[in-house]
Amino acid sequence: KNSMRFYLLATQLKYKIRSGWDKTHWNVSKERLESIAEHVYGTCILALCIDSEFKTNLNIDKVIKMLVLHEIGEVVIGDITPFDNITPEEKMKKEHKAMKDVIGDLVNQEEFLSLLFEFDEKKTKEAIFAHHCDKLEADIQAKVYQDMGCQHPLDEQENNVVFKSDEVQKMVKNGAQTAFDIWYEWDKHLYYNDKVFAELLDYVRKINTQELLK
């Protein structure tokens, strides 16, 4: 019962859309938008390929567990963005309660919750790496949508709650011309102390992701 309950709850993420692409955020023009579960899969693949190509010296199994579980609370509370009028502290409180509810009485509940709390605290090298994978995966997806022609021009963002923020408007005044430019400027500071992630973000900015698939 515990295993099936957890499985059935956790896999509801297959049906929940990432809020960043919806009509009140970036309003991506695509018939089927990325689900939270697809984002989770993307973070795991990103972690594996970075660990393969660079000397991370990490416990990659621990990282993958963190990434598999890191959005589990969104089964209950959905995908809350920094622009949804909720403080980071309130969001984390809601997420931690939701995590506990979804994990329930699994035998490994203490291990899973410990990994989730470690991820949120971002103090260990595995947690920092996992957090960077989480953020970079979203940046890459923004560029994929840009290269697919699914991102609206910046002069068509009148209903975008992200675009209305003072910080984003400052980016536009400083030269941001596309939706991805704003994603890039918003997140690049996260990787100041991590050369690999900083270079990957710059690489994604320079290339056409769709051409790389050929």
# chains A, B, ... in the order shown; residues from 1 in each chain; ligands from 1
>>> residues_around(residues="range 21-26 of chain A", least_positions_apart="3", cutoff="12 Å", atoms="only C-alpha atoms", output="JSON, numbers by chain")
{"A": [16, 17, 18, 29, 30, 31, 32, 33, 34, 35, 36, 39, 79, 80, 81, 82, 83, 84, 138, 139, 141, 142, 145, 146, 150, 151, 152, 153, 154, 156, 157, 158, 159, 160, 161, 162, 163, 164, 165, 178, 179, 180, 182, 183]}
>>> write_last_selection(atoms="N, CA and C atoms", output="CSV table (one decimal), in the first residue's frame")
chain,number,residue,atom,x,y,z
A,16,LYS,N,1.2,17.6,-14.4
A,16,LYS,CA,1.3,19.0,-13.9
A,16,LYS,C,2.3,19.8,-14.8
A,17,ILE,N,1.8,20.9,-15.4
A,17,ILE,CA,2.7,21.7,-16.2
A,17,ILE,C,3.6,22.6,-15.4
A,18,ARG,N,4.8,22.8,-15.9
A,18,ARG,CA,5.7,23.8,-15.3
A,18,ARG,C,5.1,25.2,-15.5
A,29,SER,N,4.1,29.4,-26.8
A,29,SER,CA,3.1,28.9,-27.8
A,29,SER,C,3.5,27.5,-28.2
A,30,LYS,N,3.0,26.6,-27.5
A,30,LYS,CA,3.2,25.2,-27.9
A,30,LYS,C,2.0,24.4,-27.4
A,31,GLU,N,1.6,23.4,-28.2
A,31,GLU,CA,0.4,22.7,-27.9
A,31,GLU,C,0.5,21.9,-26.6
A,32,ARG,N,1.7,21.3,-26.4
A,32,ARG,CA,1.9,20.5,-25.2
A,32,ARG,C,3.2,21.1,-24.5
A,33,LEU,N,3.0,21.6,-23.3
A,33,LEU,CA,4.1,22.2,-22.6
A,33,LEU,C,4.8,21.2,-21.7
A,34,GLU,N,6.0,21.5,-21.3
A,34,GLU,CA,6.7,20.6,-20.4
A,34,GLU,C,6.0,20.4,-19.1
A,35,SER,N,6.0,19.1,-18.6
A,35,SER,CA,5.4,18.8,-17.3
A,35,SER,C,6.6,18.9,-16.3
A,36,ILE,N,6.2,18.9,-15.0
A,36,ILE,CA,7.1,18.9,-13.9
A,36,ILE,C,8.0,17.6,-14.0
A,39,HIS,N,10.7,17.9,-16.5
A,39,HIS,CA,11.8,18.7,-15.9
A,39,HIS,C,12.7,17.9,-15.0
A,79,ASP,N,3.5,24.1,-9.0
A,79,ASP,CA,4.8,24.7,-9.3
A,79,ASP,C,4.7,26.2,-9.0
A,80,ILE,N,5.3,26.6,-7.8
A,80,ILE,CA,5.2,28.0,-7.4
A,80,ILE,C,6.5,28.7,-7.9
A,81,THR,N,6.4,29.9,-8.6
A,81,THR,CA,7.5,30.6,-9.1
A,81,THR,C,7.8,31.8,-8.1
A,82,PRO,N,9.0,32.5,-8.3
A,82,PRO,CA,9.3,33.6,-7.5
A,82,PRO,C,8.4,34.8,-7.7
A,83,PHE,N,7.5,34.7,-8.7
A,83,PHE,CA,6.6,35.8,-9.1
A,83,PHE,C,5.2,35.6,-8.7
A,84,ASP,N,5.0,34.7,-7.8
A,84,ASP,CA,3.6,34.3,-7.5
A,84,ASP,C,3.2,34.8,-6.1
A,138,ALA,N,16.2,24.4,-16.5
A,138,ALA,CA,15.2,25.4,-16.8
A,138,ALA,C,15.7,26.4,-17.8
A,139,ASP,N,16.9,26.9,-17.6
A,139,ASP,CA,17.5,27.8,-18.6
A,139,ASP,C,17.6,27.2,-20.0
A,141,GLN,N,15.8,24.7,-21.2
A,141,GLN,CA,14.5,24.6,-21.7
A,141,GLN,C,13.9,25.9,-22.3
A,142,ALA,N,14.3,27.0,-21.6
A,142,ALA,CA,13.9,28.3,-22.1
A,142,ALA,C,14.5,28.6,-23.5
A,145,TYR,N,12.8,26.4,-26.2
A,145,TYR,CA,11.6,27.0,-26.6
A,145,TYR,C,11.9,28.2,-27.5
A,146,GLN,N,12.9,29.0,-27.2
A,146,GLN,CA,13.3,30.1,-28.0
A,146,GLN,C,13.7,29.7,-29.4
A,150,CYS,N,8.9,29.2,-30.1
A,150,CYS,CA,7.7,29.2,-29.2
A,150,CYS,C,7.6,30.3,-28.2
A,151,GLN,N,8.7,31.1,-28.1
A,151,GLN,CA,8.7,32.2,-27.1
A,151,GLN,C,8.2,33.4,-27.9
A,152,HIS,N,7.3,34.2,-27.2
A,152,HIS,CA,6.8,35.4,-27.8
A,152,HIS,C,7.8,36.5,-27.7
A,153,PRO,N,7.8,37.5,-28.6
A,153,PRO,CA,8.7,38.6,-28.6
A,153,PRO,C,8.4,39.4,-27.3
A,154,LEU,N,9.4,40.2,-26.9
A,154,LEU,CA,9.2,41.0,-25.6
A,154,LEU,C,8.1,42.0,-25.7
A,156,GLU,N,5.2,41.4,-26.8
A,156,GLU,CA,4.0,40.7,-26.7
A,156,GLU,C,3.9,40.1,-25.3
A,157,GLN,N,4.3,40.7,-24.3
A,157,GLN,CA,4.3,40.2,-22.9
A,157,GLN,C,3.5,40.9,-22.0
A,158,GLU,N,2.4,41.5,-22.5
A,158,GLU,CA,1.6,42.4,-21.6
A,158,GLU,C,0.9,41.6,-20.4
A,159,ASN,N,0.7,40.3,-20.5
A,159,ASN,CA,0.0,39.6,-19.4
A,159,ASN,C,1.0,38.7,-18.6
A,160,ASN,N,2.3,39.0,-18.9
A,160,ASN,CA,3.4,38.2,-18.2
A,160,ASN,C,3.8,38.8,-16.9
A,161,VAL,N,3.5,38.0,-15.8
A,161,VAL,CA,3.8,38.6,-14.5
A,161,VAL,C,5.3,38.7,-14.2
A,162,VAL,N,6.1,37.9,-14.9
A,162,VAL,CA,7.6,37.9,-14.8
A,162,VAL,C,8.0,39.2,-15.5
A,163,PHE,N,7.5,39.5,-16.6
A,163,PHE,CA,8.0,40.7,-17.4
A,163,PHE,C,7.7,42.0,-16.7
A,164,LYS,N,6.6,42.0,-15.9
A,164,LYS,CA,6.2,43.2,-15.2
A,164,LYS,C,7.1,43.6,-14.0
A,165,SER,N,8.0,42.6,-13.6
A,165,SER,CA,8.8,42.9,-12.4
A,165,SER,C,9.8,44.0,-12.7
A,178,THR,N,15.3,39.1,-25.9
A,178,THR,CA,14.5,37.9,-26.1
A,178,THR,C,14.1,37.4,-24.7
A,179,ALA,N,13.2,36.5,-24.7
A,179,ALA,CA,12.8,35.8,-23.4
A,179,ALA,C,14.0,35.1,-22.8
A,180,PHE,N,14.8,34.4,-23.6
A,180,PHE,CA,16.0,33.7,-23.1
A,180,PHE,C,17.0,34.7,-22.6
A,182,ILE,N,16.5,37.2,-20.9
A,182,ILE,CA,16.1,37.5,-19.5
A,182,ILE,C,16.3,36.3,-18.6
A,183,TRP,N,16.1,35.1,-19.1
A,183,TRP,CA,16.4,33.9,-18.3
A,183,TRP,C,17.9,33.9,-18.0
>>> residues_around(residues="range 93-99 of chain A", least_positions_apart="4", cutoff="9 Å", atoms="only C-alpha atoms", output="short mmCIF file (atom, residue, chain, number, x, y, z; two decimals) with N, CA, C and O atoms, in the first residue's frame")
data_model
loop_
_atom_site.label_atom_id
_atom_site.label_comp_id
_atom_site.auth_asym_id
_atom_site.auth_seq_id
_atom_site.Cartn_x
_atom_site.Cartn_y
_atom_site.Cartn_z
N LEU A 69 13.66 13.41 -6.37
CA LEU A 69 12.70 13.75 -5.32
C LEU A 69 12.44 15.25 -5.18
O LEU A 69 11.45 15.64 -4.53
N HIS A 70 13.26 16.10 -5.78
CA HIS A 70 13.27 17.51 -5.37
C HIS A 70 11.98 18.27 -5.65
O HIS A 70 11.73 19.31 -5.04
N GLU A 71 11.15 17.80 -6.58
CA GLU A 71 9.89 18.49 -6.87
C GLU A 71 8.68 17.75 -6.28
O GLU A 71 7.55 18.07 -6.61
N ILE A 72 8.92 16.78 -5.42
CA ILE A 72 7.84 15.90 -4.97
C ILE A 72 6.72 16.66 -4.26
O ILE A 72 5.55 16.30 -4.34
N GLY A 73 7.05 17.77 -3.60
CA GLY A 73 6.03 18.55 -2.91
C GLY A 73 5.05 19.21 -3.86
O GLY A 73 3.92 19.55 -3.47
N GLU A 74 5.46 19.38 -5.13
CA GLU A 74 4.60 20.04 -6.10
C GLU A 74 3.41 19.19 -6.51
O GLU A 74 2.49 19.68 -7.16
N VAL A 75 3.42 17.92 -6.13
CA VAL A 75 2.23 17.09 -6.29
C VAL A 75 1.06 17.75 -5.57
O VAL A 75 -0.08 17.75 -6.05
N VAL A 76 1.34 18.35 -4.41
CA VAL A 76 0.31 18.95 -3.56
C VAL A 76 0.13 20.43 -3.84
O VAL A 76 -1.00 20.91 -4.01
N ILE A 77 1.24 21.18 -3.89
CA ILE A 77 1.14 22.64 -3.95
C ILE A 77 1.31 23.22 -5.35
O ILE A 77 1.13 24.42 -5.54
N PRO A 88 9.88 33.22 -0.13
CA PRO A 88 10.66 31.98 -0.15
C PRO A 88 10.47 31.15 1.12
O PRO A 88 10.41 29.92 1.07
N GLU A 89 10.35 31.84 2.26
CA GLU A 89 10.16 31.13 3.53
C GLU A 89 8.81 30.42 3.58
O GLU A 89 8.72 29.26 4.01
N ILE A 103 5.46 11.54 0.73
CA ILE A 103 6.32 10.40 1.09
C ILE A 103 5.61 9.47 2.06
O ILE A 103 5.77 8.24 2.00
N GLY A 104 4.79 10.04 2.91
CA GLY A 104 3.96 9.22 3.80
C GLY A 104 4.78 8.30 4.70
O GLY A 104 5.77 8.72 5.30
N LEU A 113 13.50 12.37 3.12
CA LEU A 113 13.31 13.72 3.66
C LEU A 113 14.65 14.39 3.96
O LEU A 113 14.83 15.59 3.71
N LEU A 116 15.94 15.72 0.75
CA LEU A 116 15.19 16.90 0.33
C LEU A 116 15.60 18.13 1.13
O LEU A 116 15.76 19.22 0.57
N PHE A 117 15.78 17.96 2.43
CA PHE A 117 16.20 19.08 3.27
C PHE A 117 17.62 19.51 2.91
O PHE A 117 17.95 20.71 2.88
#
>>> residues_around(residues="Asp61 in chain A", least_positions_apart="2", cutoff="12 Å", atoms="only C-alpha atoms", output="PyMOL selection string")
chain A and resi 44+47-48+51+57-59+63-68+115+126-127+130
>>> write_last_selection(atoms="N, CA, C and O atoms", output="PDB file, in the first residue's frame")
ATOM      1  N   CYS A  44      18.016  15.091 -14.133  1.00  0.00           N
ATOM      2  CA  CYS A  44      18.792  13.859 -13.918  1.00  0.00           C
ATOM      3  C   CYS A  44      19.734  13.592 -15.084  1.00  0.00           C
ATOM      4  O   CYS A  44      20.906  13.230 -14.890  1.00  0.00           O
ATOM      5  N   ALA A  47      22.600  16.038 -14.928  1.00  0.00           N
ATOM      6  CA  ALA A  47      23.571  15.645 -13.898  1.00  0.00           C
ATOM      7  C   ALA A  47      24.463  14.518 -14.397  1.00  0.00           C
ATOM      8  O   ALA A  47      25.692  14.543 -14.197  1.00  0.00           O
ATOM      9  N   LEU A  48      23.870  13.538 -15.053  1.00  0.00           N
ATOM     10  CA  LEU A  48      24.644  12.397 -15.546  1.00  0.00           C
ATOM     11  C   LEU A  48      25.643  12.805 -16.613  1.00  0.00           C
ATOM     12  O   LEU A  48      26.793  12.350 -16.616  1.00  0.00           O
ATOM     13  N   ASP A  51      28.471  14.918 -15.068  1.00  0.00           N
ATOM     14  CA  ASP A  51      29.348  14.041 -14.296  1.00  0.00           C
ATOM     15  C   ASP A  51      30.217  13.195 -15.223  1.00  0.00           C
ATOM     16  O   ASP A  51      31.367  12.885 -14.900  1.00  0.00           O
ATOM     17  N   ASN A  57      33.791  14.710  -9.010  1.00  0.00           N
ATOM     18  CA  ASN A  57      34.163  14.122  -7.711  1.00  0.00           C
ATOM     19  C   ASN A  57      32.997  14.149  -6.727  1.00  0.00           C
ATOM     20  O   ASN A  57      33.157  14.484  -5.553  1.00  0.00           O
ATOM     21  N   LEU A  58      31.829  13.794  -7.237  1.00  0.00           N
ATOM     22  CA  LEU A  58      30.615  13.809  -6.429  1.00  0.00           C
ATOM     23  C   LEU A  58      30.079  12.397  -6.233  1.00  0.00           C
ATOM     24  O   LEU A  58      30.390  11.482  -7.002  1.00  0.00           O
ATOM     25  N   ASN A  59      29.236  12.254  -5.217  1.00  0.00           N
ATOM     26  CA  ASN A  59      28.436  11.036  -5.070  1.00  0.00           C
ATOM     27  C   ASN A  59      27.230  11.219  -5.983  1.00  0.00           C
ATOM     28  O   ASN A  59      26.194  11.761  -5.574  1.00  0.00           O
ATOM     29  N   VAL A  63      23.154  12.581  -5.757  1.00  0.00           N
ATOM     30  CA  VAL A  63      22.639  13.702  -6.541  1.00  0.00           C
ATOM     31  C   VAL A  63      21.369  13.301  -7.286  1.00  0.00           C
ATOM     32  O   VAL A  63      20.369  14.028  -7.279  1.00  0.00           O
ATOM     33  N   ILE A  64      21.416  12.144  -7.938  1.00  0.00           N
ATOM     34  CA  ILE A  64      20.250  11.692  -8.712  1.00  0.00           C
ATOM     35  C   ILE A  64      19.042  11.488  -7.797  1.00  0.00           C
ATOM     36  O   ILE A  64      17.911  11.855  -8.156  1.00  0.00           O
ATOM     37  N   LYS A  65      19.263  10.925  -6.628  1.00  0.00           N
ATOM     38  CA  LYS A  65      18.145  10.756  -5.686  1.00  0.00           C
ATOM     39  C   LYS A  65      17.551  12.110  -5.314  1.00  0.00           C
ATOM     40  O   LYS A  65      16.326  12.275  -5.249  1.00  0.00           O
ATOM     41  N   MET A  66      18.416  13.092  -5.057  1.00  0.00           N
ATOM     42  CA  MET A  66      17.921  14.436  -4.736  1.00  0.00           C
ATOM     43  C   MET A  66      17.069  14.980  -5.874  1.00  0.00           C
ATOM     44  O   MET A  66      15.975  15.538  -5.654  1.00  0.00           O
ATOM     45  N   LEU A  67      17.564  14.819  -7.086  1.00  0.00           N
ATOM     46  CA  LEU A  67      16.865  15.383  -8.236  1.00  0.00           C
ATOM     47  C   LEU A  67      15.561  14.655  -8.535  1.00  0.00           C
ATOM     48  O   LEU A  67      14.572  15.280  -8.928  1.00  0.00           O
ATOM     49  N   VAL A  68      15.559  13.338  -8.354  1.00  0.00           N
ATOM     50  CA  VAL A  68      14.320  12.579  -8.552  1.00  0.00           C
ATOM     51  C   VAL A  68      13.239  13.048  -7.581  1.00  0.00           C
ATOM     52  O   VAL A  68      12.058  13.124  -7.929  1.00  0.00           O
ATOM     53  N   LEU A 115      17.415  13.940   2.328  1.00  0.00           N
ATOM     54  CA  LEU A 115      17.949  14.381   1.035  1.00  0.00           C
ATOM     55  C   LEU A 115      17.241  15.647   0.543  1.00  0.00           C
ATOM     56  O   LEU A 115      17.886  16.558   0.008  1.00  0.00           O
ATOM     57  N   GLU A 126      27.093  18.064  -3.115  1.00  0.00           N
ATOM     58  CA  GLU A 126      26.063  17.371  -3.897  1.00  0.00           C
ATOM     59  C   GLU A 126      24.801  18.215  -4.013  1.00  0.00           C
ATOM     60  O   GLU A 126      24.175  18.269  -5.080  1.00  0.00           O
ATOM     61  N   ALA A 127      24.415  18.876  -2.939  1.00  0.00           N
ATOM     62  CA  ALA A 127      23.209  19.707  -2.966  1.00  0.00           C
ATOM     63  C   ALA A 127      23.389  20.917  -3.876  1.00  0.00           C
ATOM     64  O   ALA A 127      22.474  21.293  -4.619  1.00  0.00           O
ATOM     65  N   ALA A 130      23.247  19.656  -7.458  1.00  0.00           N
ATOM     66  CA  ALA A 130      21.868  19.326  -7.811  1.00  0.00           C
ATOM     67  C   ALA A 130      21.047  20.597  -8.032  1.00  0.00           C
ATOM     68  O   ALA A 130      20.245  20.676  -8.976  1.00  0.00           O
TER      69      ALA A 130
END
>>> closest_residue(among="A:Thr87, A:Asp101, A:Ala198, A:Val144", to="Arg5 in chain A", atoms="only C-alpha atoms")
A:Asp101
>>> closest_residue(among="A:Leu190, A:Asp181, A:Gly149, A:Glu137", to="Lys122 in chain A", atoms="only C-alpha atoms")
A:Leu190
>>> closest_residue(among="A:Asn85, A:Tyr41, A:Asn108, A:Asp120", to="Thr11 in chain A", atoms="only C-alpha atoms")
A:Tyr41
>>> select_by_dssp(residues="range 115-196 of chain A", states="helix (DSSP H, G or I)", output="ChimeraX atom specification")
/A:115-121,125-147,154-156,166-173,179-191,195-196
>>> atom_distance(atom1="CA of Ile45 in chain A", atom2="CA of Lys188 in chain A")
20.7 Å
